[in-house]
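The structure under discussion appears below in the form of structure tokens.
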Amino acid sequence: MKPYDLRSDTLTLPCSGMRKAIVKADVGDDVYGEDPTVNRLEELTAKITGKRDALFVTSGSMGNLIPLYINGGRGNEVLTHELSHILHYELDSAATIAGVTPVPVPGKRGILEPRFLEEKLRPDFYYMPRVSMVSVENTHNMAGGTCYTQMELKGVADFARKNGLKVHLDGARVFNAAIATEITVRKICSFVDTITFCLSKGLGAPVGSMLCGDTKFIAEARRIRKMLGGGMRQAGIIAAAGIYALENNVERLAEDHQNAGDIAKALQEVTWAGVDPKEVETNIIIFRTEKHPAKVIVEALKKQGIHCSPKGQKSVRMVTNLGISKQDITEICGIIRKLSL
Ligand SMILES: Cc1ncc(COP(=O)(O)O)c(C=O)c1O
């Protein structure tokens, strides 16, 4: 029985075309700004996002931390959804390194709305912290790969402009959002000041994320990246994989979304899982496990060759990715339908 690994889209392995691009990459010392492949990746990224400049960073976490450091500012507060990655899965680097306090904001489907953001603003008393920034996550990982509509993005952008706040987009999976909503990445980015997206998730590259913004911001970001130990030397070796990913693996994300939808339909038919396939917008499925604790379901699926992760006590997360083929999906759905618990 083949193991089907649905724990994350970070588990994808570079394909042979990507490996060839890595072998052929021209390289130089990127701390000197002399790696032609890194420079090409940064130019390509700026073009795709419509931002003036871009910086290759080691990870999504670093790509989020740098704008928190620069635009958040020590002693200030950053408004972010209560289930956001920044708040729960980045070791409190916002507080411990950037010196900002991330403030949890409620919202359905992981979406920030002006009416809830408004409640977190503070009066202008000299002894109160200032709110400096809003951080949006699109797609929203822990809300189940949900996407912002254009109106929702505009709502956050208008709120931020009105109140003099910067907006950062944690767009680890922004290409999934763009494919699912048919809003271009460029358009999504037009609502925010800075954006981070990951090459190493659904896009299938082995390492790296991109941070984008205006020229002044990226010049400062280059300094902070070095301070954090993220200055890389012949990084063209991995940047080549990033270019390959952007040129070859974006449109195919639609397959992952279709596959996630098929799994959700199979889960809807069994008694041990609760999910509405209409709520599965991209490549992440989160289903409720009302009959048994999540750990029991995860173990039972593992015995059948399907690897996934518990999310708290009562939900399970599955993520489709380019390592999972149509044939795999047929088999996964068959296993799910047969499993009685
Ligand atoms: C929404 C989101 N933001 C940021 C990150 C962090 O990325 P990395 O693991 O590359 O640090 C992740 C990783 O899963 C994520 O899902």
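By convention in this document, the chains of the structure tokens carry letters A, B, ... by their order, each chain's residues are numbered from 1, and ligands are numbered from 1 in the order they are shown.
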
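Using only C-alpha atoms, the protein and nucleic acid residues lying no more than 10 Å from Leu246 of chain A, apart from those fewer than 3 places from it along its own chain, are Leu41, Leu44, Thr45, Ile48, Phe175, Leu199, Leu203, Gly204, Ala205, Ala241, Gly242, Ile243, Asn249, Val250 and Glu251 of chain A.
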
Please dump the current selection as a compact mmCIF listing (two decimals), in the first residue's frame; keep all heavy atoms.
```
# COMPACT_ATOMS: atom_id res chain seq x y z
N LEU A 41 15.29 36.00 -10.01
CA LEU A 41 14.09 35.60 -9.23
C LEU A 41 13.45 36.84 -8.58
O LEU A 41 12.22 36.99 -8.57
CB LEU A 41 14.49 34.58 -8.15
CG LEU A 41 13.38 34.21 -7.15
CD1 LEU A 41 12.19 33.55 -7.83
CD2 LEU A 41 13.93 33.26 -6.07
N LEU A 44 11.69 38.87 -11.30
CA LEU A 44 10.47 38.17 -11.74
C LEU A 44 9.36 38.35 -10.69
O LEU A 44 8.20 38.61 -11.02
CB LEU A 44 10.80 36.67 -11.93
CG LEU A 44 9.64 35.74 -12.26
CD1 LEU A 44 9.01 36.09 -13.62
CD2 LEU A 44 10.13 34.26 -12.30
N THR A 45 9.74 38.23 -9.43
CA THR A 45 8.76 38.35 -8.34
C THR A 45 8.17 39.76 -8.28
O THR A 45 6.96 39.93 -8.10
CB THR A 45 9.44 38.01 -7.00
OG1 THR A 45 9.90 36.67 -7.07
CG2 THR A 45 8.48 38.14 -5.84
N ILE A 48 5.62 40.03 -11.00
CA ILE A 48 4.38 39.27 -10.74
C ILE A 48 3.52 40.00 -9.69
O ILE A 48 2.30 40.08 -9.82
CB ILE A 48 4.70 37.83 -10.25
CG1 ILE A 48 5.33 37.02 -11.38
CG2 ILE A 48 3.44 37.13 -9.73
CD1 ILE A 48 5.88 35.66 -10.95
N PHE A 175 -0.71 32.20 -4.22
CA PHE A 175 -0.99 31.71 -5.58
C PHE A 175 -2.21 30.78 -5.57
O PHE A 175 -2.98 30.76 -6.52
CB PHE A 175 0.25 31.02 -6.19
CG PHE A 175 1.29 32.03 -6.60
CD1 PHE A 175 2.25 32.45 -5.70
CD2 PHE A 175 1.27 32.60 -7.87
CE1 PHE A 175 3.19 33.42 -6.06
CE2 PHE A 175 2.19 33.56 -8.23
CZ PHE A 175 3.16 33.98 -7.32
N LEU A 199 7.80 29.78 -1.82
CA LEU A 199 8.09 28.95 -3.00
C LEU A 199 8.06 27.48 -2.62
O LEU A 199 7.94 26.61 -3.47
CB LEU A 199 9.49 29.32 -3.53
CG LEU A 199 9.63 30.76 -4.01
CD1 LEU A 199 11.09 31.17 -4.07
CD2 LEU A 199 8.96 30.93 -5.37
N LEU A 203 3.96 25.42 -4.49
CA LEU A 203 4.71 25.66 -5.72
C LEU A 203 5.85 24.66 -5.91
O LEU A 203 6.45 24.59 -6.98
CB LEU A 203 5.24 27.10 -5.78
CG LEU A 203 4.17 28.20 -5.81
CD1 LEU A 203 4.81 29.58 -5.89
CD2 LEU A 203 3.23 28.01 -6.99
N GLY A 204 6.18 23.91 -4.86
CA GLY A 204 7.05 22.74 -5.04
C GLY A 204 8.55 22.96 -4.98
O GLY A 204 9.32 22.04 -5.27
N ALA A 205 9.02 24.17 -4.65
CA ALA A 205 10.48 24.38 -4.55
C ALA A 205 10.96 23.85 -3.19
O ALA A 205 10.19 23.78 -2.24
CB ALA A 205 10.80 25.87 -4.69
N ALA A 241 15.34 26.95 -8.43
CA ALA A 241 14.15 26.13 -8.18
C ALA A 241 12.93 27.03 -8.05
O ALA A 241 11.83 26.70 -8.50
CB ALA A 241 14.34 25.31 -6.92
N GLY A 242 13.11 28.20 -7.45
CA GLY A 242 12.02 29.16 -7.28
C GLY A 242 11.52 29.67 -8.63
O GLY A 242 10.31 29.78 -8.86
N ILE A 243 12.47 29.99 -9.53
CA ILE A 243 12.07 30.47 -10.86
C ILE A 243 11.31 29.36 -11.59
O ILE A 243 10.25 29.59 -12.18
CB ILE A 243 13.32 30.90 -11.69
CG1 ILE A 243 13.98 32.11 -11.02
CG2 ILE A 243 12.95 31.19 -13.14
CD1 ILE A 243 15.32 32.51 -11.61
N ASN A 249 4.65 25.81 -12.03
CA ASN A 249 3.78 25.14 -11.05
C ASN A 249 2.62 25.99 -10.52
O ASN A 249 1.99 25.59 -9.54
CB ASN A 249 4.63 24.64 -9.86
CG ASN A 249 5.51 23.48 -10.25
OD1 ASN A 249 5.32 22.88 -11.31
ND2 ASN A 249 6.49 23.15 -9.43
N VAL A 250 2.35 27.12 -11.17
CA VAL A 250 1.26 27.95 -10.65
C VAL A 250 -0.10 27.45 -11.13
O VAL A 250 -0.97 27.15 -10.31
CB VAL A 250 1.47 29.44 -11.04
CG1 VAL A 250 0.24 30.26 -10.68
CG2 VAL A 250 2.70 30.00 -10.34
N GLU A 251 -0.25 27.30 -12.45
CA GLU A 251 -1.58 26.94 -12.99
C GLU A 251 -2.05 25.59 -12.46
O GLU A 251 -3.24 25.37 -12.24
CB GLU A 251 -1.55 26.92 -14.53
CG GLU A 251 -1.27 28.29 -15.15
CD GLU A 251 -2.26 29.37 -14.70
OE1 GLU A 251 -3.45 29.05 -14.56
OE2 GLU A 251 -1.81 30.51 -14.46
```

Give me the chain A side of the contact with ligand 1, cut-off 9 Å, one line per residue showing its nearest atom pair and distance in Å at one decimal, counting only C-alpha atoms and all ligand atoms, sorted by chain and residue number, as a tab-separated table.
```
residue	atom	partner	partner_atom_place_in_ligand_line	distance
A:Ser8	CA	ligand 1	14 (O)	8.0
A:Asp9	CA	ligand 1	14 (O)	8.4
A:Thr10	CA	ligand 1	14 (O)	7.3
A:Thr58	CA	ligand 1	10 (O)	7.3
A:Ser59	CA	ligand 1	10 (O)	3.7
A:Gly60	CA	ligand 1	7 (O)	3.4
A:Ser61	CA	ligand 1	11 (O)	3.6
A:Met62	CA	ligand 1	11 (O)	6.4
A:Gly63	CA	ligand 1	11 (O)	7.9
A:Asn64	CA	ligand 1	4 (C)	7.1
A:Ser84	CA	ligand 1	1 (C)	7.1
A:His85	CA	ligand 1	3 (N)	5.1
A:Ile86	CA	ligand 1	3 (N)	6.8
A:Tyr89	CA	ligand 1	6 (C)	7.7
A:Glu90	CA	ligand 1	6 (C)	7.3
A:Glu137	CA	ligand 1	1 (C)	6.1
A:Asn138	CA	ligand 1	1 (C)	7.3
A:Thr139	CA	ligand 1	1 (C)	7.0
A:His140	CA	ligand 1	1 (C)	6.1
A:Asn141	CA	ligand 1	1 (C)	5.1
A:Met142	CA	ligand 1	1 (C)	7.9
A:Gly145	CA	ligand 1	1 (C)	8.9
A:Asp170	CA	ligand 1	3 (N)	5.6
A:Gly171	CA	ligand 1	1 (C)	6.6
A:Ala172	CA	ligand 1	3 (N)	4.9
A:Arg173	CA	ligand 1	1 (C)	6.8
A:Thr196	CA	ligand 1	4 (C)	8.2
A:Phe197	CA	ligand 1	3 (N)	8.0
A:Cys198	CA	ligand 1	10 (O)	6.4
A:Leu199	CA	ligand 1	10 (O)	8.5
A:Ser200	CA	ligand 1	10 (O)	6.9
A:Lys201	CA	ligand 1	14 (O)	7.6
A:Val207	CA	ligand 1	10 (O)	7.8
A:Gly208	CA	ligand 1	10 (O)	6.8
A:Ser209	CA	ligand 1	10 (O)	6.7
```

Discussion item. So that I can see what lies close to Ser135 of chain A, please list as a list in words the residues with an atom at most 6 Å from it, counting only C-alpha atoms and leaving out residues fewer than 4 positions away in the same chain.
Written reply: Thr80, Val167, His168 and Leu169 of chain A

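Using only C-alpha atoms for every distance, the candidate list A:Lys326, A:Lys303, A:Lys295, A:Lys154 yields A:Lys154 as the residue closest to Lys187 of chain A.
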
Worksheet item: Quick one: residues within 10 Å of Gly144 of chain A, only C-alpha atoms counted, chain neighbours fewer than 2 positions away excluded, as a list in words?
Response: Arg109, Gly110, Thr139, His140, Asn141, Met142, Thr146, Cys147, Glu279, Val280, Glu281, Thr282, Asn283, Ile284, Ile285, Ile286, Phe287, Arg317, Met318 and Val319 of chain A

Discussion item. If DSSP is run on the backbone, what residues of segment 73-280 of chain A are strand (DSSP E)? A reply as a ChimeraX atom specification would be ideal.
Written reply: /A:77-81,101-105,131-137,166-170,194-198,209-213

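Once Gly231 of chain A and its same-chain neighbours fewer than 3 positions away are set aside, Asp29, Asp30, Val31, Tyr32, Phe56, Val57, Thr58, Arg222, Arg223, Ile224, Arg225, Lys226, Met227, Leu228 and Ala235 of chain A remain within 10 Å of it when counting only C-alpha atoms.
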
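Every protein or nucleic acid residue with an atom no more than 10 Å from Asn39 of chain A, counting only C-alpha atoms and leaving out same-chain residues fewer than 2 positions away, appears here: Val27, Asp30, Gly33, Glu34, Asp35, Pro36, Thr37, Leu41, Glu42, Glu43, Leu44, Thr45, Ala54, Leu55, Phe56, Gly236 and Ala239 of chain A.
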
Discussion item. Report as a ChimeraX atom specification all protein, DNA and RNA residues lying within 6 Å of segment 124-133 of chain A, evaluated on only C-alpha atoms, omitting residues in the same chain fewer than 3 positions from it.
Written reply: /A:72,76-78,165-167

Practice prompt. Please report, as a PyMOL selection string, each residue of segment 2-88 of chain A to which DSSP assigns helix (DSSP H, G or I) when run on this structure's backbone.
Written response: chain A and resi 9-11+16-24+30-32+36-49+60-72+85-88

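Closest to Asp158 of chain A among A:Pro310, A:Gly305, A:Pro123, A:Pro114 is A:Pro114, based on only C-alpha atoms.
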
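Among the candidates A:Ala94, A:Ile195, A:Gln234, A:Thr181, the one nearest to Met151 of chain A when counting only C-alpha atoms is A:Thr181.
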
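Coordinates place atom CA of Ala264 of chain A at a distance of 17.6 Å from atom CA of Leu322 of chain A.
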
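Ranking A:Leu79, A:Ala157, A:Ala46, A:Ile66 by their shortest atom-to-atom distance to Arg186 of chain A, with only C-alpha atoms included, puts A:Ala46 first.
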